[in-house]
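Here's entry.csv, which has CSV, C-alpha atoms:
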```csv
chain,number,residue,atom,x,y,z
A,157,MET,CA,-17.0,-34.5,-22.7
A,158,SER,CA,-17.6,-37.7,-20.9
A,159,LYS,CA,-15.7,-39.7,-23.6
A,160,MET,CA,-12.5,-37.7,-22.8
A,161,SER,CA,-10.1,-39.2,-20.3
A,162,LEU,CA,-9.8,-37.4,-17.0
A,163,SER,CA,-6.2,-36.3,-17.6
A,164,THR,CA,-7.1,-34.9,-21.0
A,165,ARG,CA,-9.9,-33.0,-19.4
A,166,MET,CA,-7.7,-31.6,-16.7
A,167,ILE,CA,-5.1,-30.4,-19.2
A,168,LEU,CA,-7.7,-28.9,-21.5
A,169,VAL,CA,-9.6,-27.1,-18.7
A,170,LEU,CA,-6.4,-25.7,-17.1
A,171,THR,CA,-5.0,-24.6,-20.5
A,172,LEU,CA,-8.2,-22.9,-21.3
A,173,ILE,CA,-8.3,-21.0,-18.0
A,174,THR,CA,-4.7,-19.9,-18.2
A,175,VAL,CA,-5.0,-18.8,-21.9
A,176,LEU,CA,-8.2,-16.9,-21.0
A,177,SER,CA,-6.4,-15.3,-18.0
A,178,GLY,CA,-3.4,-14.4,-20.1
A,179,GLY,CA,-5.7,-12.8,-22.7
A,180,ILE,CA,-7.6,-10.7,-20.2
A,181,LEU,CA,-4.4,-9.5,-18.5
A,182,ALA,CA,-2.6,-8.7,-21.8
A,183,GLY,CA,-5.7,-6.6,-22.8
A,184,TRP,CA,-5.9,-4.9,-19.4
A,185,ASP,CA,-2.2,-4.1,-19.4
A,186,THR,CA,-2.4,-2.3,-22.7
A,187,ILE,CA,-5.2,-0.2,-21.3
A,188,THR,CA,-3.6,0.7,-18.0
A,189,LYS,CA,0.1,0.8,-19.0
A,190,PRO,CA,0.2,4.4,-20.5
A,191,ARG,CA,-1.6,5.8,-17.4
A,192,ILE,CA,0.7,4.0,-15.0
A,193,ALA,CA,3.8,5.2,-16.9
A,194,PHE,CA,2.3,8.7,-16.9
A,195,HIS,CA,1.8,8.7,-13.1
A,196,ARG,CA,5.4,7.5,-12.7
A,197,GLN,CA,6.7,10.3,-14.9
A,198,GLU,CA,4.6,12.8,-13.0
A,199,ALA,CA,5.9,11.6,-9.6
A,200,LEU,CA,9.5,11.8,-10.9
A,201,LYS,CA,8.9,15.3,-12.2
A,202,ALA,CA,7.3,16.4,-9.0
A,203,ALA,CA,10.1,14.9,-6.9
A,204,ILE,CA,12.8,16.7,-9.0
A,205,GLY,CA,10.8,19.9,-8.7
A,206,ASP,CA,10.8,19.5,-4.9
A,207,VAL,CA,14.5,19.0,-4.5
A,208,LEU,CA,15.9,21.5,-7.0
A,209,PRO,CA,15.4,25.3,-7.2
A,210,ALA,CA,13.0,26.6,-9.8
A,211,HIS,CA,13.9,25.4,-13.3
A,212,ASP,CA,12.4,25.4,-16.8
A,213,THR,CA,13.4,21.9,-17.8
A,214,TYR,CA,15.6,19.0,-17.0
A,215,THR,CA,17.5,16.4,-19.1
A,216,SER,CA,18.3,12.9,-17.9
A,217,GLU,CA,21.6,11.3,-18.4
A,218,GLU,CA,22.7,7.7,-17.8
A,219,THR,CA,25.8,7.3,-15.7
A,220,GLU,CA,27.5,4.2,-14.2
A,221,PHE,CA,25.8,5.2,-10.9
A,222,GLY,CA,22.3,5.5,-12.3
A,223,THR,CA,20.4,8.3,-14.0
A,224,ILE,CA,21.1,11.9,-13.1
A,225,TYR,CA,18.8,14.7,-13.9
A,226,ILE,CA,20.3,18.0,-14.9
A,227,ALA,CA,18.0,21.0,-14.4
A,228,THR,CA,18.5,24.3,-16.3
A,229,ARG,CA,16.6,27.6,-16.7
A,230,ASP,CA,16.7,30.6,-19.1
A,231,SER,CA,16.8,28.5,-22.2
A,232,SER,CA,19.3,25.9,-21.0
A,233,GLU,CA,22.0,28.5,-20.3
A,234,HIS,CA,21.8,28.6,-16.5
A,235,LEU,CA,22.5,25.4,-14.6
A,236,VAL,CA,20.5,25.2,-11.4
A,237,GLY,CA,21.3,21.8,-10.1
A,238,VAL,CA,21.6,18.1,-10.4
A,239,ALA,CA,19.2,15.5,-9.0
A,240,PHE,CA,19.5,11.8,-8.7
A,241,MET,CA,17.8,8.9,-7.0
A,242,ALA,CA,19.7,7.5,-4.0
A,243,VAL,CA,18.7,4.0,-2.9
A,244,GLY,CA,19.9,2.2,0.3
A,245,SER,CA,18.8,0.4,3.5
A,246,GLY,CA,16.7,2.2,6.0
A,247,PHE,CA,15.7,0.8,9.4
A,248,GLN,CA,13.5,-1.9,8.0
A,249,GLY,CA,13.5,-1.9,4.2
A,250,GLU,CA,14.8,0.1,1.2
A,251,LEU,CA,14.8,3.9,1.2
A,252,ARG,CA,14.5,5.7,-2.2
A,253,ILE,CA,15.4,9.3,-1.8
A,254,MET,CA,15.4,12.0,-4.6
A,255,VAL,CA,18.5,14.2,-3.9
A,256,GLY,CA,19.1,17.7,-5.3
A,257,LEU,CA,22.7,19.1,-5.4
A,258,SER,CA,23.9,22.5,-6.3
A,259,PRO,CA,25.8,22.6,-9.7
A,260,ASP,CA,29.2,23.1,-7.9
A,261,MET,CA,28.5,20.0,-5.8
A,262,THR,CA,29.1,21.7,-2.4
A,263,GLN,CA,25.7,21.6,-0.9
A,264,LEU,CA,22.3,20.0,-1.0
A,265,THR,CA,19.3,21.9,-2.5
A,266,GLY,CA,16.8,19.5,-1.0
A,267,ILE,CA,15.8,15.8,-0.5
A,268,LYS,CA,12.6,13.9,-0.8
A,269,VAL,CA,12.0,10.4,0.5
A,270,LEU,CA,9.9,8.7,-2.1
A,271,GLU,CA,9.7,5.2,-0.8
A,272,GLN,CA,10.2,3.8,2.7
A,273,ILE,CA,8.8,1.3,5.1
A,274,GLU,CA,10.1,2.8,8.4
A,275,THR,CA,8.3,2.5,11.7
A,276,PRO,CA,5.0,4.4,11.4
A,277,GLY,CA,5.0,7.5,13.7
A,278,LEU,CA,8.8,7.3,14.4
A,279,GLY,CA,10.9,6.6,11.3
A,280,THR,CA,8.3,7.9,9.0
A,281,LYS,CA,9.1,11.4,10.3
A,282,ILE,CA,11.9,11.3,7.6
A,283,VAL,CA,9.0,12.0,5.2
A,284,VAL,CA,6.5,14.0,7.4
A,285,ASP,CA,6.0,14.5,11.1
A,286,PRO,CA,2.3,15.0,11.9
A,287,SER,CA,3.1,15.5,15.6
A,288,ASN,CA,4.9,18.8,14.8
A,289,LYS,CA,1.9,20.9,13.7
A,290,GLN,CA,3.9,24.1,12.9
A,291,ASP,CA,6.5,22.4,10.7
A,292,PRO,CA,5.6,18.8,9.8
A,293,TYR,CA,8.4,18.7,7.2
A,294,TRP,CA,11.1,19.8,9.5
A,295,PHE,CA,13.4,16.8,9.0
A,296,PRO,CA,13.6,16.7,5.2
A,297,ALA,CA,13.6,20.6,5.1
A,298,GLN,CA,16.8,21.0,7.1
A,299,PHE,CA,18.8,19.3,4.3
A,300,LYS,CA,18.3,22.3,2.1
A,301,GLY,CA,21.6,24.2,2.0
A,302,VAL,CA,23.5,21.6,4.0
A,303,LYS,CA,27.2,21.4,3.1
A,304,ILE,CA,28.2,17.9,1.9
A,305,SER,CA,31.9,18.2,2.9
A,306,PRO,CA,33.4,16.5,4.7
A,307,GLU,CA,30.1,14.6,5.2
A,308,ILE,CA,26.6,15.2,6.5
A,309,VAL,CA,26.3,14.5,10.2
A,310,VAL,CA,23.3,13.7,12.4
A,311,ILE,CA,23.2,15.5,15.7
A,312,LYS,CA,21.3,13.9,18.6
A,313,ASN,CA,19.1,15.9,20.9
A,314,ALA,CA,20.6,19.3,20.1
A,315,LYS,CA,20.4,22.0,17.5
A,316,PRO,CA,23.0,21.8,14.7
A,317,THR,CA,25.8,24.3,15.0
A,318,HIS,CA,27.8,23.6,11.8
A,319,ASN,CA,26.6,23.9,8.3
A,320,ASN,CA,27.1,20.1,7.6
A,321,GLU,CA,24.9,19.0,10.5
A,322,VAL,CA,21.2,18.1,10.7
A,323,GLN,CA,19.1,17.3,13.8
A,324,GLY,CA,18.1,13.6,14.2
A,325,ILE,CA,14.7,12.4,15.0
A,326,THR,CA,14.1,11.4,18.6
A,327,GLY,CA,13.2,7.7,18.7
A,328,ALA,CA,14.4,7.1,15.2
A,329,THR,CA,18.1,7.6,15.3
A,330,ILE,CA,18.7,4.7,12.9
A,331,SER,CA,16.3,6.0,10.3
A,332,SER,CA,17.9,9.5,10.6
A,333,LYS,CA,21.3,8.1,10.2
A,334,ALA,CA,20.2,5.8,7.4
A,335,VAL,CA,19.3,8.9,5.4
A,336,THR,CA,22.6,10.6,5.9
A,337,THR,CA,24.6,7.4,5.3
A,338,ILE,CA,22.8,6.9,2.0
A,339,LEU,CA,23.3,10.5,1.0
A,340,ASN,CA,27.1,10.6,1.9
A,341,ASP,CA,27.8,7.3,0.1
A,342,GLN,CA,26.0,8.1,-3.1
A,343,ILE,CA,26.9,11.7,-3.4
A,344,ALA,CA,30.5,10.5,-3.3
A,345,HIS,CA,29.7,8.3,-6.3
A,346,ILE,CA,27.9,11.0,-8.2
A,347,LYS,CA,30.8,13.4,-7.6
A,348,THR,CA,33.1,11.1,-9.5
A,349,VAL,CA,30.9,11.1,-12.6
A,350,TRP,CA,29.6,14.6,-12.7
A,351,PRO,CA,32.7,16.6,-13.7
A,352,SER,CA,33.2,14.3,-16.7
A,353,LYS,CA,29.6,14.9,-17.7
A,354,GLY,CA,30.1,18.6,-18.5
A,355,GLY,CA,29.9,19.9,-15.0
A,356,PRO,CA,32.3,22.6,-13.7
A,357,GLU,CA,35.6,21.2,-12.7
A,358,SER,CA,36.1,21.9,-9.1
B,298,MET,CA,-41.6,-17.6,-1.2
B,299,SER,CA,-39.3,-19.8,0.8
B,300,SER,CA,-36.6,-19.5,-1.9
B,301,THR,CA,-36.6,-15.7,-1.7
B,302,ALA,CA,-36.2,-16.0,2.1
B,303,THR,CA,-33.1,-18.3,1.7
B,304,LEU,CA,-31.7,-15.9,-1.0
B,305,LYS,CA,-31.9,-13.2,1.6
B,306,THR,CA,-30.2,-15.4,4.1
B,307,GLU,CA,-27.4,-16.1,1.7
B,308,PHE,CA,-26.8,-12.4,1.4
B,309,ILE,CA,-27.3,-11.4,5.1
B,310,LYS,CA,-25.2,-14.2,6.7
B,311,GLY,CA,-21.9,-12.7,5.6
B,312,ILE,CA,-22.6,-9.4,7.2
B,313,TRP,CA,-23.0,-10.5,10.8
B,314,LYS,CA,-23.7,-14.2,11.6
B,315,GLU,CA,-20.9,-15.6,9.4
B,316,ASN,CA,-18.9,-12.4,9.0
B,317,PRO,CA,-15.6,-13.5,7.5
B,318,VAL,CA,-13.4,-11.6,10.0
B,319,MET,CA,-15.6,-11.6,13.2
B,320,ALA,CA,-17.0,-15.1,13.0
B,321,SER,CA,-14.6,-17.1,10.8
B,322,LEU,CA,-11.4,-15.1,11.5
B,323,LEU,CA,-10.6,-15.3,7.7
B,324,GLY,CA,-8.5,-12.8,5.9
B,325,LEU,CA,-6.8,-11.5,9.0
B,326,CYS,CA,-3.5,-10.5,7.2
B,327,PRO,CA,-5.0,-7.5,5.3
B,328,THR,CA,-7.4,-6.8,8.2
B,329,LEU,CA,-4.6,-6.3,10.6
B,330,ALA,CA,-2.1,-4.8,8.1
B,331,VAL,CA,-3.9,-2.0,6.2
B,332,THR,CA,-6.4,-0.7,8.7
B,333,ASN,CA,-4.2,2.0,10.1
B,334,ALA,CA,-6.5,4.5,8.4
B,335,ALA,CA,-10.1,4.4,7.3
B,336,ASN,CA,-9.3,5.1,3.7
B,337,ASN,CA,-6.9,2.2,3.4
B,338,GLY,CA,-9.5,-0.1,5.0
B,339,LEU,CA,-12.2,1.0,2.6
B,340,ALA,CA,-9.9,0.6,-0.5
B,341,MET,CA,-8.8,-2.9,0.6
B,342,GLY,CA,-12.4,-3.9,1.3
B,343,LEU,CA,-13.6,-2.7,-2.1
B,344,ALA,CA,-10.7,-4.4,-3.9
B,345,THR,CA,-11.3,-7.7,-2.1
B,346,THR,CA,-15.0,-7.5,-2.8
B,347,PHE,CA,-14.4,-6.9,-6.4
B,348,VAL,CA,-12.1,-10.0,-6.6
B,349,LEU,CA,-14.5,-12.0,-4.6
B,350,LEU,CA,-17.5,-11.2,-6.8
B,351,SER,CA,-15.7,-11.7,-10.1
B,352,SER,CA,-14.1,-14.9,-9.1
B,353,SER,CA,-17.4,-16.2,-7.7
B,354,LEU,CA,-19.1,-15.4,-11.0
B,355,MET,CA,-16.4,-17.3,-13.0
B,356,ILE,CA,-16.1,-20.3,-10.7
B,357,SER,CA,-19.9,-20.8,-10.2
B,358,ALA,CA,-20.3,-20.6,-14.0
B,359,LEU,CA,-17.5,-23.1,-14.6
B,360,ARG,CA,-18.3,-25.3,-11.6
B,361,ASN,CA,-19.4,-28.4,-13.6
B,362,PHE,CA,-16.6,-27.9,-16.1
B,363,ILE,CA,-13.5,-27.8,-13.9
B,364,PRO,CA,-12.4,-31.3,-12.9
B,365,HIS,CA,-12.4,-31.8,-9.1
B,366,GLN,CA,-8.7,-32.8,-9.0
B,367,VAL,CA,-7.4,-29.6,-10.4
B,368,ARG,CA,-10.0,-27.2,-9.0
B,369,ILE,CA,-7.7,-25.4,-6.6
B,370,ALA,CA,-5.2,-24.7,-9.4
B,371,GLY,CA,-8.0,-23.4,-11.6
B,372,TYR,CA,-9.5,-21.2,-8.8
B,373,ILE,CA,-6.1,-19.7,-7.9
B,374,VAL,CA,-5.4,-18.8,-11.6
B,375,ILE,CA,-8.9,-17.2,-11.8
B,376,ILE,CA,-8.5,-15.3,-8.5
B,377,ALA,CA,-4.9,-14.1,-9.4
B,378,THR,CA,-6.2,-12.8,-12.7
B,379,PHE,CA,-8.8,-10.6,-11.0
B,380,VAL,CA,-6.3,-9.5,-8.4
B,381,THR,CA,-3.9,-8.3,-11.1
B,382,VAL,CA,-6.8,-6.5,-12.8
B,383,ALA,CA,-7.6,-4.7,-9.5
B,384,ASP,CA,-3.9,-4.0,-8.8
B,385,ARG,CA,-3.3,-2.4,-12.3
B,386,PHE,CA,-6.6,-0.5,-12.0
B,387,LEU,CA,-5.6,1.1,-8.7
B,388,ALA,CA,-2.1,1.9,-10.0
B,389,ALA,CA,-3.5,3.5,-13.2
B,390,TYR,CA,-6.4,5.5,-11.7
B,391,PHE,CA,-5.8,5.8,-7.9
B,392,PRO,CA,-2.0,6.0,-7.7
B,393,VAL,CA,-2.1,7.4,-4.1
B,394,ILE,CA,-4.1,4.6,-2.7
B,395,SER,CA,-2.1,2.1,-4.7
B,396,ALA,CA,1.1,3.5,-3.1
B,397,SER,CA,-0.3,3.4,0.4
B,398,LEU,CA,-1.5,-0.2,0.1
B,399,GLY,CA,1.7,-1.3,-1.5
B,400,PRO,CA,2.2,-5.1,-1.6
B,401,TYR,CA,-1.1,-5.8,0.1
B,402,ILE,CA,-3.2,-5.6,-3.1
B,403,PRO,CA,-1.3,-8.4,-4.9
B,404,LEU,CA,-1.5,-10.3,-1.6
B,405,ILE,CA,-5.3,-10.6,-2.0
B,406,VAL,CA,-4.5,-13.7,-4.0
B,407,VAL,CA,-3.6,-15.5,-0.8
B,408,ASN,CA,-6.5,-14.1,1.2
B,409,CYS,CA,-8.1,-17.3,2.5
B,410,LEU,CA,-11.5,-15.6,2.6
B,411,ILE,CA,-11.6,-15.6,-1.2
B,412,LEU,CA,-10.5,-19.2,-1.8
B,413,GLY,CA,-12.6,-20.3,1.2
B,414,ARG,CA,-15.8,-18.9,-0.4
B,415,GLN,CA,-15.1,-20.5,-3.7
B,416,GLU,CA,-14.4,-23.8,-2.2
B,417,ALA,CA,-17.3,-23.7,0.3
B,418,PHE,CA,-19.9,-22.0,-1.8
B,419,SER,CA,-19.4,-20.9,-5.4
B,420,SER,CA,-18.2,-24.4,-6.5
B,421,ARG,CA,-21.5,-25.9,-5.3
B,422,ASN,CA,-24.1,-23.2,-6.0
B,423,GLY,CA,-25.5,-21.4,-9.0
B,424,ILE,CA,-24.3,-18.0,-10.2
B,425,GLY,CA,-27.1,-15.9,-8.6
B,426,ARG,CA,-26.6,-17.5,-5.1
B,427,SER,CA,-22.8,-17.3,-5.4
B,428,LEU,CA,-22.9,-13.6,-6.2
B,429,LEU,CA,-25.3,-12.9,-3.3
B,430,ASP,CA,-23.0,-14.9,-1.0
B,431,SER,CA,-19.9,-13.0,-2.2
B,432,LEU,CA,-21.6,-9.7,-2.0
B,433,GLY,CA,-22.7,-10.3,1.6
B,434,MET,CA,-19.2,-11.6,2.6
B,435,GLY,CA,-17.6,-8.6,0.8
B,436,ILE,CA,-19.8,-6.1,2.6
B,437,GLY,CA,-19.1,-7.8,5.9
B,438,PHE,CA,-15.4,-7.6,5.2
B,439,ILE,CA,-15.6,-3.9,4.2
B,440,ILE,CA,-17.6,-3.0,7.3
B,441,VAL,CA,-15.0,-4.6,9.6
B,442,LEU,CA,-12.1,-3.0,7.8
B,443,VAL,CA,-13.6,0.4,7.8
B,444,VAL,CA,-14.7,0.2,11.5
B,445,LEU,CA,-11.2,-1.0,12.5
B,446,GLY,CA,-9.7,1.8,10.3
B,447,ILE,CA,-11.9,4.5,11.8
B,448,ILE,CA,-11.1,3.4,15.4
B,449,ARG,CA,-7.4,3.2,14.8
B,450,GLU,CA,-7.2,6.4,12.8
B,451,ILE,CA,-9.1,8.4,15.4
B,452,LEU,CA,-6.9,7.2,18.3
B,453,GLY,CA,-3.7,6.9,16.3
B,454,SER,CA,-3.8,10.1,14.2
B,455,GLY,CA,-6.7,12.1,15.5
B,456,SER,CA,-8.5,12.1,12.1
B,457,ILE,CA,-11.2,10.3,10.1
B,458,PHE,CA,-10.8,9.5,6.4
B,459,GLY,CA,-7.8,11.9,6.5
B,460,ILE,CA,-9.7,14.8,8.0
B,461,ALA,CA,-8.5,16.0,11.4
B,462,ILE,CA,-11.3,15.9,13.9
B,463,LEU,CA,-9.4,16.1,17.2
B,464,GLY,CA,-7.8,19.4,18.1
B,465,ASP,CA,-4.2,20.2,19.1
B,466,TRP,CA,-4.8,19.0,22.7
B,467,PHE,CA,-4.9,15.4,21.5
B,468,THR,CA,-1.7,13.4,21.6
B,469,PRO,CA,-2.0,10.5,19.1
B,470,TRP,CA,-1.6,7.0,20.5
B,471,MET,CA,1.3,5.9,18.4
B,472,VAL,CA,0.6,2.2,19.2
B,473,MET,CA,-2.8,2.3,17.5
B,474,ILE,CA,-1.3,2.8,14.0
B,475,LEU,CA,1.4,0.2,14.7
B,476,PRO,CA,0.7,-3.6,14.4
B,477,PRO,CA,-0.1,-4.0,18.2
B,478,GLY,CA,-3.0,-1.5,17.8
B,479,ALA,CA,-4.5,-3.7,15.1
B,480,PHE,CA,-4.4,-6.8,17.3
B,481,LEU,CA,-5.8,-4.9,20.3
B,482,THR,CA,-8.7,-3.3,18.4
B,483,LEU,CA,-9.6,-6.5,16.6
B,484,GLY,CA,-9.4,-8.5,19.8
B,485,ILE,CA,-11.7,-6.1,21.6
B,486,LEU,CA,-14.2,-6.0,18.7
B,487,ILE,CA,-14.3,-9.8,18.5
B,488,ALA,CA,-14.8,-10.1,22.3
B,489,LEU,CA,-17.7,-7.6,22.1
B,490,ALA,CA,-19.3,-9.5,19.2
B,491,ASN,CA,-18.9,-12.8,21.0
B,492,TRP,CA,-20.4,-11.3,24.2
B,493,TYR,CA,-23.3,-10.0,22.2
B,494,ASN,CA,-23.9,-13.3,20.5
B,495,ASP,CA,-23.4,-15.4,23.6
B,496,PRO,CA,-26.6,-17.6,23.9
B,497,SER,CA,-26.2,-17.9,27.7
B,498,ARG,CA,-26.3,-14.2,28.1
B,499,SER,CA,-29.6,-13.8,26.3
B,500,LYS,CA,-31.1,-16.8,28.2
B,501,GLU,CA,-30.2,-15.1,31.5
B,502,GLY,CA,-31.7,-11.9,30.2
B,503,ARG,CA,-34.9,-13.6,29.3
B,504,ALA,CA,-35.1,-15.4,32.6
B,505,VAL,CA,-34.8,-12.2,34.5
B,506,SER,CA,-37.3,-10.3,32.4
```
Represent the structure of the file as structure tokens.
Amino acid sequence: MSKMSLSTRMILVLTLITVLSGGILAGWDTITKPRIAFHRQEALKAAIGDVLPAHDTYTSEETEFGTIYIATRDSSEHLVGVAFMAVGSGFQGELRIMVGLSPDMTQLTGIKVLEQIETPGLGTKIVVDPSNKQDPYWFPAQFKGVKISPEIVVIKNAKPTHNNEVQGITGATISSKAVTTILNDQIAHIKTVWPSKGGPES
Amino acid sequence: MSSTATLKTEFIKGIWKENPVMASLLGLCPTLAVTNAANNGLAMGLATTFVLLSSSLMISALRNFIPHQVRIAGYIVIIATFVTVADRFLAAYFPVISASLGPYIPLIVVNCLILGRQEAFSSRNGIGRSLLDSLGMGIGFIIVLVVLGIIREILGSGSIFGIAILGDWFTPWMVMILPPGAFLTLGILIALANWYNDPSRSKEGRAVS
């Protein structure tokens, strides 16, 4: 060891440490990867289940605007809805929302915000509102059955009167509007690909 | 006998006298960022302690082998390896905690508490002492994070470890789960600890009694 020059020793030691580190991580990755993939799949399945009406199974299809999930029941005969992941800017960072649409593309069957970094206690009400003890999921729940044409509109400080309106969150207008903007933009995209993918021509 | 006494001091010092957060103000980024709930504080504390212990073990074992000039590079690779192990472990077995801590688990790499202990202690002491030192520091870190998490969760969400303890009459203090709540709580805790440790206070106390 002492005969080695300092630079040789530095190279040798650092190489050894990095090779060892790479080995450990490669081994650990093979152990944990299947479980992590499994959790992702479960989370996706749960989210699709949350936004679409009861279904037996779903198939995924790649389109130019991302993957869409087509859910059916009664041995693939009855189409119950189409889900897709909408991604866009929230108040602070990216929002990832699972969106469920009726097969005729006229109304939403549900939405679920899967990832967000909105302001805790205000913007996070787009996921759950702990201050509303009777109905903590009031904000996402009101998207169920909302008409998407001409577009989904946020109403401030009042009860919605039309079937394309939802009530905004007090103190988090930007987060509320971010959700509807993302939905309106991306539903428009999905509408362009869906009929060509075997959906009913409308 | 004297050596067992010092071994005990190596362990104890991290918990109060040289507590990484309260006394040295190290590792403040995760301390402030993830303690909006007691669960998150506990998970972050445990993950950090795991990284601290395993890197201390490696670095004290390799301390005569790593050339002085490249020690920081070597330490960081070792620390980053264990952080990735912890991150993948949480993602695979505790997906909910992993999701709520988000990017703060990978950020343990740059927690100066860990590099600080390697540089100040593990690179100069044997494996046994280094592990004791790390364990003490880790426990000290966990305690502060959990205490902060409990205080902020009670005031900010009316619950403890996710279980609601305050009734409907309680209006949560939104500010406590936001970043300012972290600064306020930590500031008050450090002020109390400094007041408690203040030598002039105990001298006065002794003079009166």
Compare B:Phe438, B:Trp313, B:Trp466, B:Phe347 by their minimum atom-to-atom distance to chain A, counting all atoms listed in the file, and give me the closest one. B:Trp466
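For stretch 447-454 of chain B, the non-local neighbours within 8 Å, defined as residues at least 5 positions apart in the same chain or in other chains and counting all atoms listed in the file, are Thr332, Asn333, Ala334, Ala335, Ile462, Leu463, Pro469, Trp470, Met471, Val472, Met473, Ile474, Gly478, Ala479 and Thr482 of chain B.
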Which stretch 177-223 of chain A residues have any atom within 10 Å of an atom of stretch 387-409 of chain B, and for each, what is the nearest pair of atoms with distance in Å to one decimal, counting all atoms listed in the file, rows sorted by chain and number, as a tab-separated table?
```
residue	atom	partner	partner_atom	distance
A:Asp185	CA	B:Ala389	CA	9.9
A:Ile187	CA	B:Ala389	CA	9.1
A:Thr188	CA	B:Ala389	CA	5.6
A:Lys189	CA	B:Ala389	CA	7.3
A:Pro190	CA	B:Ala389	CA	8.2
A:Arg191	CA	B:Ala389	CA	5.2
A:Ile192	CA	B:Ala389	CA	4.6
A:Ala193	CA	B:Ala389	CA	8.4
A:Phe194	CA	B:Ala389	CA	8.6
A:His195	CA	B:Pro392	CA	7.1
A:Arg196	CA	B:Pro392	CA	9.1
A:Ala199	CA	B:Pro392	CA	9.9
```
What does the distance between atom CA of B:Ala358 and atom CA of B:Gly423 come to in Å, to one decimal place? 7.3 Å
So, with all atoms listed in the file as the atoms that count, which of A:Glu233, A:Asp285, A:Glu307, A:Glu321 lies closest to chain B?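 So, comparing all the options, the nearest one is A:Asp285.
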Using all atoms listed in the file and a cutoff of 9 Å, can you tell me which residues are near (17.7, 8.1, 0.1) in the file's coordinates, and write them out as a ChimeraX atom specification? /A:241-246,250-255,267-271,334-339,342
Find the residues of chain A that sit at most 8 Å from chain B; for each, write down the nearest two atoms and how far apart they are in Å, to one decimal. Count all atoms listed in the file. Sort by chain, then by number going up, and give it as a Markdown table.
```
| residue | atom | partner | partner_atom | distance |
| --- | --- | --- | --- | --- |
| A:Leu162 | CA | B:Pro364 | CA | 7.8 |
| A:Arg165 | CA | B:Pro364 | CA | 7.2 |
| A:Met166 | CA | B:Pro364 | CA | 6.1 |
| A:Val169 | CA | B:Ile363 | CA | 6.2 |
| A:Leu170 | CA | B:Gly371 | CA | 6.2 |
| A:Ile173 | CA | B:Gly371 | CA | 6.8 |
| A:Thr174 | CA | B:Val374 | CA | 6.7 |
| A:Ser177 | CA | B:Thr378 | CA | 5.9 |
| A:Ile180 | CA | B:Thr378 | CA | 7.9 |
| A:Leu181 | CA | B:Val382 | CA | 6.9 |
| A:Trp184 | CA | B:Val382 | CA | 6.9 |
| A:Asp185 | CA | B:Arg385 | CA | 7.4 |
| A:Thr188 | CA | B:Ala389 | CA | 5.6 |
| A:Lys189 | CA | B:Ala389 | CA | 7.3 |
| A:Arg191 | CA | B:Ala389 | CA | 5.2 |
| A:Ile192 | CA | B:Ala389 | CA | 4.6 |
| A:His195 | CA | B:Pro392 | CA | 7.1 |
| A:Thr275 | CA | B:Leu475 | CA | 7.9 |
| A:Pro276 | CA | B:Leu475 | CA | 6.4 |
| A:Gly277 | CA | B:Met471 | CA | 6.2 |
| A:Ser287 | CA | B:Pro469 | CA | 8.0 |
```
Find, counting all atoms listed in the file, the residue in B:Ser456, B:Ser351, B:Ser497, B:Thr303 that gets nearest to A:Pro286.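 Result for the nearest residue to A:Pro286: B:Ser456.
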Pairwise distance for atom CA of A:Glu220 and atom CA of A:Ile346, rounded to one decimal in Å: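 Computing it gives 9.1 Å between the two atoms.
Coordinates place atom CA of A:Pro296 at a distance of 14.2 Å from atom CA of A:Ile204.
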Would you mind telling me which residue in B:Ser353, B:Thr345, B:Thr328, B:Asn316 lies nearest to B:Leu428 when using all atoms listed in the file?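 With all atoms listed in the file as the atom set, the closest residue is B:Ser353.
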